[in-house]
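**Q** One structure, pasted below without further comment.
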Amino acid sequence: MPKIINHKEKKKQIIQYAFDSIVENGAKGSTVRQIAKLAKMTPGQIRYYFPNHSELLNAVMSTVELKVRRRIEVIFMSEDLNAIDKAKVSLLTVLPLDQERLADMEVWMAFRYDIHEYGQSTLDDGLDQLCHSVLTLLNNDHLLKDNLNIHLHSMKLHALIDGLALHKLLNPNQTSNEDIQSIVDEEITRLTQ
């Protein structure tokens, strides 16, 4: 009797192996051959599900983006947090402050570098939207300083979060979680007082 394969589940497994490979080797080092080896499959079997490396990387990045978006949605929907706490927690949830978020950030950075190499913009990465949403949330609750330019401060907040993520990713022992939390707290306080 032939073995029945759940193709949807197999694709998820391949995406997870690709994710693991990117964390370990970066986007460039995560070849189809390397991923197939991890998955105990042949490169041809991987290509059956993902005809090229780019499609596989896009699937991995979509999975990471969905996971992060769900984390943020839970925070924004929480009735236990006020608007200021939602702003702080949602910004902290995209930073590599634990192993899971560190792995997500490594994949995100590898993917961003890869699309930059192909000459595509890396600024529209979802983080810009989060920063704008955070400021809009605070503004809707009349918590932002008067006459604050949301567009400009959203760009500034985006740059701050990008910088903190990069510092934590590249210098984890020199950048403590507590320091990052204090910096985010101070920035939100500065924008709301």
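So you can find residues: chains in the structure tokens are A, B, ... in the order shown, residues in each start at 1, and ligands are numbered from 1 in order.
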Determine, counting only C-alpha atoms, which protein, DNA and RNA residues have an atom within 12 Å of an atom of A:Ser176; residues of the same chain fewer than 3 positions away are not included. Present the result as a PDB file with N, CA and C atoms, in the first residue's frame.

**A**
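Result file is selection-v4.pdb:
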ATOM      1  N   LEU A  95      11.786  42.593  19.337  1.00  0.00           N
ATOM      2  CA  LEU A  95      13.220  42.635  19.632  1.00  0.00           C
ATOM      3  C   LEU A  95      13.711  41.276  20.115  1.00  0.00           C
ATOM      4  N   PRO A  96      14.964  40.927  19.824  1.00  0.00           N
ATOM      5  CA  PRO A  96      15.486  39.595  20.157  1.00  0.00           C
ATOM      6  C   PRO A  96      15.867  39.448  21.634  1.00  0.00           C
ATOM      7  N   LEU A  97      14.851  39.432  22.502  1.00  0.00           N
ATOM      8  CA  LEU A  97      15.088  39.397  23.941  1.00  0.00           C
ATOM      9  C   LEU A  97      15.031  37.988  24.529  1.00  0.00           C
ATOM     10  N   ASP A  98      14.713  36.998  23.708  1.00  0.00           N
ATOM     11  CA  ASP A  98      14.751  35.596  24.143  1.00  0.00           C
ATOM     12  C   ASP A  98      15.136  34.740  22.941  1.00  0.00           C
ATOM     13  N   LEU A 164      18.280  49.028  18.094  1.00  0.00           N
ATOM     14  CA  LEU A 164      18.309  48.167  19.283  1.00  0.00           C
ATOM     15  C   LEU A 164      18.388  46.697  18.881  1.00  0.00           C
ATOM     16  N   ALA A 165      17.619  46.319  17.869  1.00  0.00           N
ATOM     17  CA  ALA A 165      17.638  44.926  17.402  1.00  0.00           C
ATOM     18  C   ALA A 165      19.026  44.549  16.899  1.00  0.00           C
ATOM     19  N   HIS A 167      21.932  45.989  17.665  1.00  0.00           N
ATOM     20  CA  HIS A 167      22.867  45.933  18.796  1.00  0.00           C
ATOM     21  C   HIS A 167      22.725  44.624  19.564  1.00  0.00           C
ATOM     22  N   LYS A 168      21.502  44.221  19.820  1.00  0.00           N
ATOM     23  CA  LYS A 168      21.272  42.988  20.581  1.00  0.00           C
ATOM     24  C   LYS A 168      21.713  41.775  19.780  1.00  0.00           C
ATOM     25  N   LEU A 169      21.463  41.791  18.489  1.00  0.00           N
ATOM     26  CA  LEU A 169      21.831  40.669  17.632  1.00  0.00           C
ATOM     27  C   LEU A 169      23.349  40.532  17.505  1.00  0.00           C
ATOM     28  N   ASN A 171      25.775  42.229  19.433  1.00  0.00           N
ATOM     29  CA  ASN A 171      26.510  42.346  20.699  1.00  0.00           C
ATOM     30  C   ASN A 171      25.639  41.917  21.875  1.00  0.00           C
ATOM     31  N   PRO A 172      25.208  40.671  21.908  1.00  0.00           N
ATOM     32  CA  PRO A 172      24.242  40.256  22.936  1.00  0.00           C
ATOM     33  C   PRO A 172      24.750  40.429  24.367  1.00  0.00           C
ATOM     34  N   ASN A 173      26.035  40.303  24.597  1.00  0.00           N
ATOM     35  CA  ASN A 173      26.563  40.428  25.961  1.00  0.00           C
ATOM     36  C   ASN A 173      26.744  41.875  26.391  1.00  0.00           C
ATOM     37  N   ASP A 179      18.411  47.057  29.679  1.00  0.00           N
ATOM     38  CA  ASP A 179      18.746  48.333  29.039  1.00  0.00           C
ATOM     39  C   ASP A 179      17.807  48.618  27.869  1.00  0.00           C
ATOM     40  N   ILE A 180      17.536  47.601  27.075  1.00  0.00           N
ATOM     41  CA  ILE A 180      16.622  47.778  25.934  1.00  0.00           C
ATOM     42  C   ILE A 180      15.232  48.168  26.429  1.00  0.00           C
ATOM     43  N   GLN A 181      14.755  47.499  27.456  1.00  0.00           N
ATOM     44  CA  GLN A 181      13.435  47.834  28.007  1.00  0.00           C
ATOM     45  C   GLN A 181      13.405  49.262  28.527  1.00  0.00           C
ATOM     46  N   SER A 182      14.485  49.689  29.178  1.00  0.00           N
ATOM     47  CA  SER A 182      14.560  51.068  29.685  1.00  0.00           C
ATOM     48  C   SER A 182      14.541  52.081  28.549  1.00  0.00           C
ATOM     49  N   ILE A 183      15.252  51.786  27.483  1.00  0.00           N
ATOM     50  CA  ILE A 183      15.292  52.703  26.332  1.00  0.00           C
ATOM     51  C   ILE A 183      13.909  52.824  25.698  1.00  0.00           C
TER      52      ILE A 183
END

**Q** Show me a table, sorted first by chain and then by increasing residue number, of the residues of stretch 22-99 of chain A having an atom at most 12 Å from stretch 148-160 of chain A, each with its shortest atom pair and the distance in Å to one decimal, counting only C-alpha atoms and written as a tab-separated table.

**A**
residue	atom	partner	partner_atom	distance
A:Ala87	CA	A:Leu157	CA	11.3
A:Lys88	CA	A:Leu157	CA	11.5
A:Leu91	CA	A:Leu157	CA	9.4
A:Leu92	CA	A:Leu160	CA	11.6
A:Val94	CA	A:His158	CA	11.3
A:Leu95	CA	A:Leu160	CA	11.1

**Q** Dump N, CA, C and O atoms for the selected residues as a CSV table (one decimal), in the first residue's frame?

**A**
chain,number,residue,atom,x,y,z
A,87,ALA,N,1.8,49.9,23.7
A,87,ALA,CA,2.9,50.4,22.9
A,87,ALA,C,4.2,49.8,23.3
A,87,ALA,O,5.0,49.3,22.4
A,88,LYS,N,4.6,49.8,24.5
A,88,LYS,CA,5.9,49.3,25.0
A,88,LYS,C,6.0,47.8,24.7
A,88,LYS,O,7.0,47.4,24.1
A,91,LEU,N,6.4,46.9,21.0
A,91,LEU,CA,7.7,47.2,20.4
A,91,LEU,C,8.8,46.2,20.9
A,91,LEU,O,9.6,45.7,20.2
A,92,LEU,N,8.6,45.8,22.2
A,92,LEU,CA,9.6,44.9,22.8
A,92,LEU,C,9.4,43.5,22.2
A,92,LEU,O,10.4,42.7,22.1
A,94,VAL,N,9.1,42.6,19.2
A,94,VAL,CA,9.8,42.4,17.9
A,94,VAL,C,11.3,42.3,18.1
A,94,VAL,O,12.1,42.1,17.2
A,95,LEU,N,11.8,42.6,19.3
A,95,LEU,CA,13.2,42.6,19.6
A,95,LEU,C,13.7,41.3,20.1
A,95,LEU,O,13.0,40.5,20.8

**Q** May I have the residues within 8 Å of A:Leu144 as a list in words, using only C-alpha atoms and disregarding those fewer than 5 positions away in the same chain?

**A**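 What passes the distance filter is Leu135, Leu138, Asn139, Leu191, Thr192 and Gln193 of chain A.
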
**Q** Just write the chosen residues, C-alpha atoms, as a PDB file, in the first residue's frame.

**A**
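Saved file selection_20.pdb follows:
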ATOM      1  CA  LEU A 135       1.849  56.160  17.669  1.00  0.00           C
ATOM      2  CA  LEU A 138      -1.335  56.610  21.628  1.00  0.00           C
ATOM      3  CA  ASN A 139      -2.713  59.520  19.613  1.00  0.00           C
ATOM      4  CA  LEU A 191       6.533  60.933  23.316  1.00  0.00           C
ATOM      5  CA  THR A 192       3.633  60.988  25.769  1.00  0.00           C
ATOM      6  CA  GLN A 193       4.594  63.615  28.359  1.00  0.00           C
TER       7      GLN A 193
END

**Q** Name all residues at most 10 Å from stretch 4-16 of chain A (count only C-alpha atoms; drop same-chain ones fewer than 5 positions away) and give them as a list in words.

**A**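 My list of contacting residues is Ser21, Ile22, Ile35, Ala36, Leu38, Ala39, Met41, Gln45, Ile46, Tyr48, Tyr49, Phe50, Leu56, Leu57, Asn58, Ala59, Val60, Met61, Ser62 and Thr63 of chain A.
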
**Q** Please, which residues in stretch 12-78 of chain A fall within 7 Å of stretch 100-114 of chain A when counting only C-alpha atoms, and what is the closest atom pair and distance in Å to one decimal for each, ordered by chain then residue number, as CSV?

**A**
residue,atom,partner,partner_atom,distance
A:Phe19,CA,A:Val107,CA,6.9
A:Ile22,CA,A:Val107,CA,6.0
A:Val23,CA,A:Glu106,CA,5.8
A:Gly26,CA,A:Ala110,CA,5.7
A:Ala27,CA,A:Ala110,CA,5.2
A:Met61,CA,A:Trp108,CA,6.8
A:Val64,CA,A:Asp104,CA,6.3

**Q** Among stretch 47-191 of chain A, which residues does DSSP mark as alpha helix (DSSP H) when it is run on the backbone? Keep the chain and numbering as in the structure and answer as a PyMOL selection string.

**A** chain A and resi 47-49+53-77+83-92+99-117+127-140+150-170+177-191

**Q** Of the candidates A:Val32, A:Val184, A:Val89, A:Leu166, which shows the shortest atom-to-atom distance to A:Ser54, using only C-alpha atoms?

**A**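 Selected residue with least distance to A:Ser54: A:Val32.
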
**Q** I need the residue nearest A:Arg71 from this list: A:Gln174, A:Thr93, A:Asn52, A:Thr42. Use only C-alpha atoms for the distance.

**A**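 Using only C-alpha atoms, the shortest distance to A:Arg71 belongs to A:Thr93.
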
**Q** Nearest residue to A:Glu73 out of A:Ser133, A:Asn147, A:Thr31, A:Thr175, using only C-alpha atoms?

**A** A:Ser133
